[in-house]
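Below is one structure; the comments refer to it alone.
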Amino acid sequence: MIKHFVSLQWKSFFRSASLGKDLAIRILMGFLALYFILSFLILGIGLYPLLSELYPGEEQLSVANRLVIYWVSADLLVRFFIQTLPVMDIRPLLILPVHKGKAIHYLLLKSLFSLFNLFPLLVVVPFAVYCAVEGNYGPGSMLAWSMCMLCLVMGVNYLNFLLKKKFAGDIKTLLPFILVAIVLSVLEHLQVFEISIFLGKMLDVLVARPYMVVIPVLLPVFLYLWNYAALRKRFYLDASLESKAGQVNTSDMGWVRKFGDIAPFLQLDLKLIWRNKRPKSTVWLSLFFLAYGLMFYPNPTYSDMPAWYVFVGIFISGAFMINFGQFIPSWDSPYYGMMMSQNIPLKKYLASKAGLMAFSVVVLYLLSLPYAYFGWDIVVLNTACALYNIGVNIPVLLFAGAYNKKRVDLEKSPFLNYQGTGAAQFIVVLPLLIFPLLVWYLCYKFISFDAASSVLALMGIAGIMGRDFLMTAIGDLYRKRKYIAINGFKEKES
Amino acid sequence: MIIANDLTKTYNGTTVLRIEELTVPSGQSLGLVGNNGAGKTTFFSLLLDLIRPTSGYIINNEVMVNKSEDWKPFTSAFIDESFLIGYLTPEEYFYFTGELRGWNRADVDAFLVKYGQFFNGEILKRNKYLRDLSKGNQKKVGIVAAVIGNPKVVILDEPFANLDPTTQIRLKEIVRELAEDNGVTVLISSHDLMHVTDVCKRIVVLDKGEIVRDMQTTPETLKELEMIFAG
């Protein structure tokens, strides 16, 4: 039976319409994985000497044991946001003679084959070997310790699975977990009850008495069974057929009417953003990027290289613009055919998107004004960057959008979601970020800071003046590319 | 009036549509029938300029559809659910399409009153997004949205499929009224020979992309069609 599942998955991967087109992204992801594998391996090999250096006179293994809880928590947090769980389309299986239990076991076991489970082991194994060779621990003890770590990793794997599957539907059900985590970290911080030391001691005991390893083994087993029970209960179509949305609140957004003939499109775009997971998250993400400056401005390393501030300036006021703009018109991909056969002038359609992005730039720029705390230079530069974003980067993004032909599912989670990402998204970064940085740097090097900022601002103003002409040209391009886009947007990714 | 001339569409060497000449006068209701792969949807997509013809052209009320966009204000269509915007409620969707055709909210509201029976109380004022409606109800919304704003040409692809019997009967009334009372050119494709002969004044049979029969509907048409498809 498992054989069939594997072959189904294999086919769904290799026969998916997007294979090949995504090759560039896969290669990039491959390199990323390789990078992390190497980093963790180096950490694993270097951990023993590192701990000797950082905590002189202490037993390296005990120190490591005390740090385990931090590792586990960080692991869980990262996994919760990034790791994609294996999914299987159960609909076609429900009426076939497939034992439900088998399918669930397959799904749960498959989740173990994730790089997230490999990373910790790359640290654990070299460290255990080091301890056995350098320190005075028996191989039996270290084997038991490694086993215990493996169990913790698997435990995190299944805890994450459980949290995501069982509680994902409702944020409120997660609250108790978050509360417990907060209480524990507060107690730790106040040194009332230090769970890190507590867990460290337990692990020390385990090293002393290797046969105790049977206890941590229970953890993944228990979580596995819990997951199994939870999934088994959901193995019906009810769960997916249930009408999710009972009542929705509709507002007629009358105030948008003030914007004249782009109003209907603007209304549509606002609804698009508020009512769908993926575009909605771009809003939160851009608020998050506002804090980006805090990483750079207080850091004296960068004050010698103010060119970096251009990068930061473009990003702070343009975060939403970039995140939203690079998927125009893919946001409308599920109904692009309808948009193209309706009485919609492309210029107005694009003007609405441009207006929305320009508005976001202005808002984010105003919110970034408190960075004046780090000096007026920064405000001057950010103003120039905001103007450049409105005048140059918005048309650039719209232009690049004409070459988008990949569908975007509005309801999918945005984390590590490369759906809709193609070559256009990578190429557009060049004019978006690198070009202004270069221009600014050259002017700064040969003339002055103020001159460099003025050049950026003037380029932006020139773009704003020439907007009408640019939009007409881009609209023509969209018209020419519409057949390719309609065809591309029809292809659903598996 | 719609004129297709020397129209072909070829994918990778396979011709999926070849129409030498087809003229649909204004106010006619035309039924397009044919088995799967006969080219019905391809023809509609060409008519809406969603795909490009390999050769030939279509003229919609004196506008060449792949050259100018001026056919859009008086043409409307419902092909499949990709014509719906999932995150809107039915009302918002109607207002949106109405606005594109120059109707304000009051116009749309007044228009929708007529369709209370057609909607059977399952569409309006339910505060649900289109993506959460059943397939049949989604279809009703798409069909009604296609008649909003007094279009001169209405294109419906398989409108009868997925609808319950009561709605099918009401839909036939709507289509008849459009063509006979309002002079709208209606193009319908269907697998259901009975429905299509009921509402359409003219039936065109497509087979493997070519027109094999073109006839005015008479009481004998249904029999004749059944003969053709029985092979």
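Starting from 1 in every chain, residues are counted up; chains themselves are A, B, ... following the order of the structure tokens, and ligands are numbered from 1 as listed.
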**Message:** Can you tell me which residues surround Gln83 of chain A at a distance of at most 9 Å, considering only C-alpha atoms, apart from same-chain residues fewer than 2 positions away, and format the answer as a PyMOL selection string?
**Reply:** chain A and resi 78-81+85+114+116+160+415-416
Expected file contents, prior selection, C-alpha atoms, as a short mmCIF file (atom, residue, chain, number, x, y, z; two decimals), in the first residue's frame:
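selection30.cif was written with the following content:
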```cif
data_model
loop_
_atom_site.label_atom_id
_atom_site.label_comp_id
_atom_site.auth_asym_id
_atom_site.auth_seq_id
_atom_site.Cartn_x
_atom_site.Cartn_y
_atom_site.Cartn_z
CA VAL A 78 10.83 28.16 13.22
CA ARG A 79 9.09 24.98 12.14
CA PHE A 80 5.69 26.37 13.02
CA PHE A 81 6.19 29.25 10.64
CA LEU A 85 3.77 19.60 6.28
CA SER A 114 12.37 16.67 6.33
CA PHE A 116 14.35 20.16 9.66
CA ASN A 160 4.52 20.98 15.31
CA PHE A 415 5.41 31.56 4.38
CA LEU A 416 8.03 30.15 2.05
#
```
**Prompt:** Within 9 Å of Thr75 of chain B, counting only C-alpha atoms, which residues qualify if same-chain residues fewer than 5 places away don't, as an MDAnalysis selection string?
**Reply:** (chainID A and resid 341:343) or (chainID B and resid 48 60 146 151:155)
Output file for the residues above (N, CA and C atoms, as a short mmCIF file (atom, residue, chain, number, x, y, z; two decimals), in the first residue's frame):
```
data_model
loop_
_atom_site.label_atom_id
_atom_site.label_comp_id
_atom_site.auth_asym_id
_atom_site.auth_seq_id
_atom_site.Cartn_x
_atom_site.Cartn_y
_atom_site.Cartn_z
N SER A 341 -12.36 40.00 -20.40
CA SER A 341 -13.47 40.06 -21.34
C SER A 341 -14.52 41.08 -20.89
N GLN A 342 -14.32 41.65 -19.71
CA GLN A 342 -15.25 42.67 -19.25
C GLN A 342 -14.84 44.03 -19.78
N ASN A 343 -15.72 44.94 -19.60
CA ASN A 343 -15.48 46.29 -20.07
C ASN A 343 -14.53 47.01 -19.12
N LEU B 48 -14.51 36.02 -27.34
CA LEU B 48 -14.22 36.93 -26.24
C LEU B 48 -12.76 37.40 -26.26
N ASN B 60 -17.89 41.45 -34.22
CA ASN B 60 -19.01 41.55 -33.30
C ASN B 60 -19.57 42.95 -33.41
N ALA B 146 -24.19 38.04 -16.13
CA ALA B 146 -23.97 38.20 -17.56
C ALA B 146 -25.10 38.96 -18.25
N PRO B 151 -26.67 44.12 -22.03
CA PRO B 151 -25.73 43.79 -23.12
C PRO B 151 -26.50 43.48 -24.40
N LYS B 152 -25.84 43.65 -25.54
CA LYS B 152 -26.49 43.32 -26.81
C LYS B 152 -26.17 41.89 -27.23
N VAL B 153 -25.05 41.38 -26.68
CA VAL B 153 -24.65 40.01 -26.98
C VAL B 153 -24.38 39.29 -25.67
N VAL B 154 -25.02 38.13 -25.46
CA VAL B 154 -24.78 37.35 -24.24
C VAL B 154 -24.30 35.96 -24.64
N ILE B 155 -23.20 35.55 -24.02
CA ILE B 155 -22.61 34.25 -24.34
C ILE B 155 -22.63 33.38 -23.08
#
```
**Request:** Would you kindly return, as a VMD selection string, each protein, DNA or RNA residue with an atom no farther than 12 Å from any atom of Tyr483 of chain A, considering only C-alpha atoms and excluding same-chain residues fewer than 2 positions away?
**Result:** (chain A and resid 336 to 337 340 to 341 402 to 405 477 to 481 485 to 490) or (chain B and resid 45 to 46 48 to 53 66)
Considering only C-alpha atoms, give me a table of residues in chain B that are at most 7 Å from chain A, with the closest atom pair and distance in Å for each, as JSON lines.
```
{"residue": "B:Leu48", "atom": "CA", "partner": "A:Ser341", "partner_atom": "CA", "distance": 5.9}
{"residue": "B:Leu50", "atom": "CA", "partner": "A:Tyr483", "partner_atom": "CA", "distance": 6.1}
{"residue": "B:Ile51", "atom": "CA", "partner": "A:Tyr483", "partner_atom": "CA", "distance": 5.7}
{"residue": "B:Lys72", "atom": "CA", "partner": "A:Asn343", "partner_atom": "CA", "distance": 4.8}
{"residue": "B:Pro73", "atom": "CA", "partner": "A:Asn343", "partner_atom": "CA", "distance": 5.2}
{"residue": "B:Ser76", "atom": "CA", "partner": "A:Gln342", "partner_atom": "CA", "distance": 7.0}
{"residue": "B:Ser82", "atom": "CA", "partner": "A:Tyr335", "partner_atom": "CA", "distance": 4.7}
{"residue": "B:Phe83", "atom": "CA", "partner": "A:Met338", "partner_atom": "CA", "distance": 4.6}
{"residue": "B:Leu84", "atom": "CA", "partner": "A:Tyr335", "partner_atom": "CA", "distance": 6.2}
{"residue": "B:Ile85", "atom": "CA", "partner": "A:Tyr335", "partner_atom": "CA", "distance": 6.1}
{"residue": "B:Tyr87", "atom": "CA", "partner": "A:Arg275", "partner_atom": "CA", "distance": 6.4}
{"residue": "B:Phe96", "atom": "CA", "partner": "A:Pro264", "partner_atom": "CA", "distance": 6.6}
{"residue": "B:Leu100", "atom": "CA", "partner": "A:Asn343", "partner_atom": "CA", "distance": 5.8}
{"residue": "B:Arg101", "atom": "CA", "partner": "A:Asn343", "partner_atom": "CA", "distance": 6.8}
{"residue": "B:Asn127", "atom": "CA", "partner": "A:Gln247", "partner_atom": "CA", "distance": 5.4}
{"residue": "B:Lys128", "atom": "CA", "partner": "A:Val248", "partner_atom": "CA", "distance": 6.1}
{"residue": "B:Asp132", "atom": "CA", "partner": "A:Ser243", "partner_atom": "CA", "distance": 6.6}
```
I need the residues from that last selection saved to file as a CSV table (one decimal), in the first residue's frame (with N, CA and C atoms), if you can.
```csv
chain,number,residue,atom,x,y,z
B,48,LEU,N,-14.5,36.0,-27.3
B,48,LEU,CA,-14.2,36.9,-26.2
B,48,LEU,C,-12.8,37.4,-26.3
B,50,LEU,N,-10.1,35.7,-25.8
B,50,LEU,CA,-9.3,35.2,-24.7
B,50,LEU,C,-8.2,34.3,-25.3
B,51,ILE,N,-8.4,33.9,-26.5
B,51,ILE,CA,-7.3,33.2,-27.3
B,51,ILE,C,-7.2,33.8,-28.6
B,72,LYS,N,-16.4,45.2,-26.0
B,72,LYS,CA,-16.6,44.9,-24.6
B,72,LYS,C,-17.8,45.5,-23.9
B,73,PRO,N,-18.1,46.8,-24.2
B,73,PRO,CA,-19.2,47.4,-23.5
B,73,PRO,C,-20.6,46.7,-23.7
B,76,SER,N,-21.4,40.4,-23.0
B,76,SER,CA,-21.1,39.8,-21.7
B,76,SER,C,-21.2,38.3,-21.8
B,82,SER,N,-14.2,30.6,-13.4
B,82,SER,CA,-13.1,31.5,-13.4
B,82,SER,C,-13.6,32.9,-13.8
B,83,PHE,N,-14.9,33.0,-14.1
B,83,PHE,CA,-15.5,34.3,-14.4
B,83,PHE,C,-16.1,35.0,-13.1
B,84,LEU,N,-15.9,34.3,-12.0
B,84,LEU,CA,-16.4,34.8,-10.7
B,84,LEU,C,-15.2,35.3,-9.9
B,85,ILE,N,-15.5,36.2,-9.0
B,85,ILE,CA,-14.4,36.7,-8.1
B,85,ILE,C,-14.8,36.1,-6.7
B,87,TYR,N,-13.8,36.1,-3.7
B,87,TYR,CA,-13.9,36.8,-2.4
B,87,TYR,C,-14.9,37.9,-2.3
B,96,PHE,N,-20.3,45.2,-9.0
B,96,PHE,CA,-19.0,45.4,-9.7
B,96,PHE,C,-19.3,45.3,-11.2
B,100,LEU,N,-19.2,48.3,-14.2
B,100,LEU,CA,-18.4,48.2,-15.4
B,100,LEU,C,-19.3,48.5,-16.7
B,101,ARG,N,-20.6,48.3,-16.5
B,101,ARG,CA,-21.5,48.5,-17.7
B,101,ARG,C,-22.3,49.8,-17.5
B,127,ASN,N,-24.9,37.0,3.0
B,127,ASN,CA,-23.5,37.4,3.5
B,127,ASN,C,-22.5,36.2,3.4
B,128,LYS,N,-22.5,35.7,2.2
B,128,LYS,CA,-21.5,34.6,2.0
B,128,LYS,C,-20.6,35.0,0.8
B,132,ASP,N,-17.7,30.3,-1.3
B,132,ASP,CA,-18.3,29.4,-0.3
B,132,ASP,C,-19.7,29.0,-0.8
```
**Request:** Could you give me, as a list in words, the residues within 12 Å of Leu41 of chain A, counting only C-alpha atoms and dropping anything in the same chain fewer than 6 positions from it?
**Result:**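 Counting only C-alpha atoms, the residues come to Leu34, Tyr35, Leu47, Leu118, Phe119, Pro120, Leu121, Leu122, Val123, Val124, Val125, Pro126 and Phe127 of chain A.
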**Asked** Could you work out how far atom CA of Gly27 of chain B lies from atom CA of Val184 of chain B, giving the answer in Å with one decimal?
**Response**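 For atom CA of Val184 of chain B relative to atom CA of Gly27 of chain B, the distance reads 4.6 Å.
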Among segment 10-157 of chain B, which residues carry a DSSP assignment of alpha helix (DSSP H), reported as a compact mmCIF listing (two decimals) with N, CA and C atoms, in the first residue's frame?
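Saved to result_14.txt:
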```txt
# COMPACT_ATOMS: atom_id res chain seq x y z
N LYS B 40 -16.75 24.00 -29.05
CA LYS B 40 -17.71 25.01 -28.60
C LYS B 40 -17.04 26.07 -27.74
N THR B 41 -16.31 25.62 -26.73
CA THR B 41 -15.67 26.57 -25.82
C THR B 41 -14.57 27.34 -26.54
N THR B 42 -13.89 26.66 -27.48
CA THR B 42 -12.86 27.36 -28.26
C THR B 42 -13.48 28.52 -29.03
N PHE B 43 -14.64 28.27 -29.62
CA PHE B 43 -15.31 29.33 -30.37
C PHE B 43 -15.66 30.50 -29.46
N PHE B 44 -16.20 30.19 -28.29
CA PHE B 44 -16.57 31.26 -27.35
C PHE B 44 -15.34 32.02 -26.89
N SER B 45 -14.25 31.31 -26.63
CA SER B 45 -13.03 31.98 -26.19
C SER B 45 -12.51 32.92 -27.28
N LEU B 46 -12.64 32.48 -28.52
CA LEU B 46 -12.21 33.36 -29.62
C LEU B 46 -13.11 34.58 -29.71
N LEU B 47 -14.38 34.35 -29.50
CA LEU B 47 -15.35 35.44 -29.56
C LEU B 47 -15.07 36.48 -28.47
N PRO B 90 -22.26 37.82 -3.52
CA PRO B 90 -22.99 37.96 -4.78
C PRO B 90 -23.38 39.40 -5.08
N GLU B 91 -23.88 40.11 -4.05
CA GLU B 91 -24.29 41.50 -4.29
C GLU B 91 -23.12 42.33 -4.78
N GLU B 92 -21.98 42.20 -4.10
CA GLU B 92 -20.81 42.99 -4.49
C GLU B 92 -20.39 42.68 -5.92
N TYR B 93 -20.51 41.39 -6.27
CA TYR B 93 -20.14 40.99 -7.63
C TYR B 93 -21.09 41.62 -8.65
N PHE B 94 -22.38 41.62 -8.33
CA PHE B 94 -23.35 42.25 -9.25
C PHE B 94 -23.09 43.75 -9.37
N TYR B 95 -22.80 44.40 -8.24
CA TYR B 95 -22.52 45.84 -8.30
C TYR B 95 -21.29 46.11 -9.14
N PHE B 96 -20.29 45.24 -8.98
CA PHE B 96 -19.04 45.43 -9.72
C PHE B 96 -19.28 45.31 -11.22
N THR B 97 -19.94 44.21 -11.64
CA THR B 97 -20.18 44.06 -13.08
C THR B 97 -21.12 45.16 -13.56
N GLY B 98 -22.09 45.53 -12.74
CA GLY B 98 -23.00 46.61 -13.12
C GLY B 98 -22.24 47.89 -13.35
N GLU B 99 -21.32 48.19 -12.46
CA GLU B 99 -20.55 49.42 -12.56
C GLU B 99 -19.72 49.45 -13.86
N LEU B 100 -19.18 48.28 -14.22
CA LEU B 100 -18.39 48.23 -15.45
C LEU B 100 -19.26 48.51 -16.67
N ARG B 105 -25.77 51.35 -8.17
CA ARG B 105 -26.33 50.37 -7.26
C ARG B 105 -27.84 50.24 -7.37
N ALA B 106 -28.51 51.39 -7.46
CA ALA B 106 -29.98 51.37 -7.51
C ALA B 106 -30.45 50.62 -8.75
N ASP B 107 -29.78 50.85 -9.89
CA ASP B 107 -30.14 50.15 -11.12
C ASP B 107 -30.04 48.64 -10.91
N VAL B 108 -28.91 48.24 -10.30
CA VAL B 108 -28.66 46.81 -10.10
C VAL B 108 -29.71 46.22 -9.15
N ASP B 109 -29.98 46.94 -8.06
CA ASP B 109 -30.97 46.45 -7.09
C ASP B 109 -32.33 46.26 -7.75
N ALA B 110 -32.72 47.26 -8.56
CA ALA B 110 -34.02 47.18 -9.23
C ALA B 110 -34.04 46.00 -10.18
N PHE B 111 -32.93 45.77 -10.84
CA PHE B 111 -32.83 44.68 -11.81
C PHE B 111 -32.94 43.32 -11.10
N LEU B 112 -32.31 43.23 -9.93
CA LEU B 112 -32.25 41.94 -9.24
C LEU B 112 -33.60 41.49 -8.70
N VAL B 113 -34.50 42.45 -8.49
CA VAL B 113 -35.82 42.10 -7.94
C VAL B 113 -36.47 41.02 -8.78
N GLY B 116 -35.61 37.22 -8.00
CA GLY B 116 -35.81 36.63 -6.69
C GLY B 116 -36.18 35.16 -6.78
N GLN B 117 -37.06 34.84 -7.72
CA GLN B 117 -37.51 33.46 -7.86
C GLN B 117 -36.37 32.56 -8.36
N PHE B 118 -35.62 33.09 -9.32
CA PHE B 118 -34.50 32.34 -9.89
C PHE B 118 -33.47 31.99 -8.81
N PHE B 119 -33.25 32.93 -7.90
CA PHE B 119 -32.25 32.72 -6.86
C PHE B 119 -32.77 31.82 -5.74
N LYS B 135 -21.70 24.88 -6.28
CA LYS B 135 -21.43 25.06 -7.71
C LYS B 135 -22.66 25.59 -8.46
N GLY B 136 -23.82 25.03 -8.13
CA GLY B 136 -25.04 25.45 -8.82
C GLY B 136 -25.36 26.91 -8.55
N ASN B 137 -25.22 27.31 -7.29
CA ASN B 137 -25.51 28.70 -6.94
C ASN B 137 -24.50 29.66 -7.56
N GLN B 138 -23.24 29.20 -7.62
CA GLN B 138 -22.23 30.04 -8.28
C GLN B 138 -22.64 30.28 -9.73
N LYS B 139 -23.13 29.23 -10.34
CA LYS B 139 -23.52 29.33 -11.74
C LYS B 139 -24.66 30.33 -11.93
N LYS B 140 -25.63 30.28 -11.01
CA LYS B 140 -26.75 31.23 -11.10
C LYS B 140 -26.23 32.66 -11.05
N VAL B 141 -25.29 32.90 -10.13
CA VAL B 141 -24.75 34.26 -10.00
C VAL B 141 -24.07 34.67 -11.30
N GLY B 142 -23.27 33.75 -11.86
CA GLY B 142 -22.55 34.07 -13.10
C GLY B 142 -23.50 34.38 -14.24
N ILE B 143 -24.59 33.61 -14.34
CA ILE B 143 -25.53 33.81 -15.44
C ILE B 143 -26.24 35.15 -15.30
N VAL B 144 -26.70 35.44 -14.08
CA VAL B 144 -27.42 36.71 -13.89
C VAL B 144 -26.48 37.89 -14.10
N ALA B 145 -25.22 37.75 -13.63
CA ALA B 145 -24.27 38.84 -13.83
C ALA B 145 -24.04 39.09 -15.31
N ALA B 146 -24.19 38.04 -16.13
CA ALA B 146 -23.97 38.20 -17.56
C ALA B 146 -25.10 38.96 -18.25
N VAL B 147 -26.25 39.09 -17.58
CA VAL B 147 -27.33 39.83 -18.22
C VAL B 147 -27.49 41.23 -17.66
```
**Message:** Just the number, please: distance in Å from atom CA of Ser196 of chain A to atom CA of Leu152 of chain A, one decimal.
**Reply:** 14.4 Å
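Minimum atom-to-atom distances from B:Cys200, B:Gly102, B:Gly231, B:Gly39 to Thr217 of chain B were compared using only C-alpha atoms, and the lowest value belongs to B:Cys200.
Nearest to Phe78 of chain B of all the residues B:Ser189, B:Gln216, B:Ser26, B:Ser55 is B:Ser189, counting only C-alpha atoms.
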**Message:** Please determine, counting only C-alpha atoms, which residue among B:Glu226, B:Asp214, B:Asp198, B:Glu158 has the shortest atom-to-atom distance to Val24 of chain B.
**Reply:** B:Asp214
**Request:** Identify, with DSSP run on backbone atoms, the residues in segment 101-204 of chain B assigned to strand (DSSP E), and express the list as a ChimeraX atom specification.
**Result:** /B:153-157,185-190,202-204
I need the chosen residues saved as a JSON list (two decimals), in the first residue's frame, with C-alpha atoms.
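Result file is again.json:
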```json
[["chain", "number", "residue", "atom", "x", "y", "z"],
["B", 153, "VAL", "CA", -24.65, 40.01, -26.98],
["B", 154, "VAL", "CA", -24.78, 37.35, -24.24],
["B", 155, "ILE", "CA", -22.61, 34.25, -24.34],
["B", 156, "LEU", "CA", -23.35, 31.34, -22.01],
["B", 157, "ASP", "CA", -21.25, 28.17, -22.01],
["B", 185, "THR", "CA", -28.19, 38.07, -29.48],
["B", 186, "VAL", "CA", -27.80, 35.00, -27.27],
["B", 187, "LEU", "CA", -25.22, 32.29, -27.87],
["B", 188, "ILE", "CA", -25.58, 29.13, -25.85],
["B", 189, "SER", "CA", -23.65, 25.91, -25.92],
["B", 190, "SER", "CA", -25.14, 22.79, -24.44],
["B", 202, "ARG", "CA", -31.32, 28.20, -34.57],
["B", 203, "ILE", "CA", -29.09, 25.22, -33.88],
["B", 204, "VAL", "CA", -25.54, 24.77, -35.14]]
```
